[in-house]
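Peer 1: Quick one: the structure is below, questions incoming.
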Amino acid sequence: MTKKNLSKPRLGKHSSDTPSVNPFTRNALSSDLTWLRDVTAVGKPPVTAEAYVQAYLADPGEWYWSTILLHDSRESVLKRVLAIVEQARLPDHEKALGQIGAGPLEDMMSDELLDHLQHWLPFTPAMRYALGQVRMSSEPPALQQRLKAMLTR
């Protein structure tokens with residue numbers, strides 16, 4: 001006979017009874033704005049999340065620097081990218097979505113990224129377009145197949 005461990009779970013660990021919170025879901029992004037870039041550091045006035053996303057969509061060439069991985073964590077950049085893609089609409093935002101696909105999504109392409117994107121299935125046309133801009137030819141075949149399967153859902 002085995003004894004159950006009745007001790008309290010350690011901080012920072014999730015027990016099987018405690019659902020983990022994924023920071024990359026739509027709900028998590030709307031309630032956690034840590035992804036919002038402090039644009040005052042680059043001489044721009046402070047912006048809200050809505051104003052940032054709309055500015056990016058209107059002029060991605062002006063805002064490209066905010067989605068590259070040089071200065072911010074992958075987590076922050078991915079959250080920023082997801083917030084932008086969530087509000088993007090085709091054909092109006094093709095340029096912004098293309099830049100996001102060929103830029104940060106391509107740079108982050110991995111099983112980990114696809115794990116995070118599982119929470120966004122089925123993909124919107126905007127997400128499909130952005131992911132369609134990712135150059136997959138240099139990625140492992142298994143990763144290519146996984147993305148292809150996700151895009152067909």
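Just remember, in the structure tokens the first chain shown is A, the second B, etc., residues are 1-based per chain, and ligands are 1-based in the order shown.
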Name the residues in contact with segment 41-43 of chain A at a cut-off of 12 Å, using only C-alpha atoms, excluding same-chain residues fewer than 5 positions from it; report them as a ChimeraX atom specification.

Peer 2: /A:62-63,65-66,71

Peer 1: Name all residues at most 10 Å from Pro60 of chain A (count only C-alpha atoms; drop same-chain ones fewer than 5 positions away) and give them as a list in words.

Peer 2: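 Skipping anything fewer than 5 positions along the chain leaves Val53, Gln54, Ala55, Trp65, Ser66, Thr67, His93, Lys95, Ala96, Leu97, Gly98, Gln99 and Ile100 of chain A.
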
Peer 1: Could you write out the selected residues, including C-alpha atoms, as a PDB file, in the first residue's frame?

Peer 2:
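Resulting contents of selection_38.pdb:
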ATOM      1  CA  VAL A  53      -1.257  47.951 -31.841  1.00  0.00           C
ATOM      2  CA  GLN A  54      -3.037  50.447 -34.077  1.00  0.00           C
ATOM      3  CA  ALA A  55       0.207  52.388 -34.659  1.00  0.00           C
ATOM      4  CA  TRP A  65      12.061  47.609 -34.021  1.00  0.00           C
ATOM      5  CA  SER A  66       9.460  46.818 -31.375  1.00  0.00           C
ATOM      6  CA  THR A  67       9.081  43.199 -32.502  1.00  0.00           C
ATOM      7  CA  HIS A  93      -2.824  44.876 -42.651  1.00  0.00           C
ATOM      8  CA  LYS A  95       2.253  44.523 -44.771  1.00  0.00           C
ATOM      9  CA  ALA A  96       2.268  44.362 -40.967  1.00  0.00           C
ATOM     10  CA  LEU A  97       1.374  40.665 -40.934  1.00  0.00           C
ATOM     11  CA  GLY A  98       4.014  39.879 -43.538  1.00  0.00           C
ATOM     12  CA  GLN A  99       6.623  41.681 -41.483  1.00  0.00           C
ATOM     13  CA  ILE A 100       5.595  39.810 -38.341  1.00  0.00           C
TER      14      ILE A 100
END

Peer 1: Neighbouring residues of Glu139 of chain A were defined as those with any atom within 10 Å, considering only C-alpha atoms; residues of the same chain fewer than 6 positions away were excluded. Please report them as number ranges by chain.

Peer 2: A: 106, 109-110, 145

Peer 1: Would you mind telling me which residue in A:Ala88, A:Leu105, A:Met150, A:Ala142 lies nearest to Ala126 of chain A when using only C-alpha atoms?

Peer 2: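 For Ala126 of chain A, the nearest of the candidates is A:Ala88.
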
Peer 1: Need the shell around Glu112 of chain A: protein/DNA/RNA residues with any atom at most 12 Å away, counting only C-alpha atoms. Skip same-chain ones fewer than 3 positions apart. Format as a PyMOL selection string?

Peer 2: chain A and resi 24+74-75+78+105+108-109+115-118+143+146-147

Peer 1: Could you go through segment 21-63 of chain A and tell me which residues DSSP, when run on the backbone, assigns to helix (DSSP H, G or I), listing them as a list in words?

Peer 2: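 Matching residues for helix (DSSP H, G or I) in segment 21-63 of chain A are Arg26, Asn27, Ala28, Leu29, Ser30, Ser31, Val39, Thr40, Ala41, Val42, Ala49, Glu50, Ala51, Tyr52, Val53, Gln54, Ala55, Tyr56, Leu57, Ala58, Pro60, Gly61, Glu62 and Trp63 of chain A.
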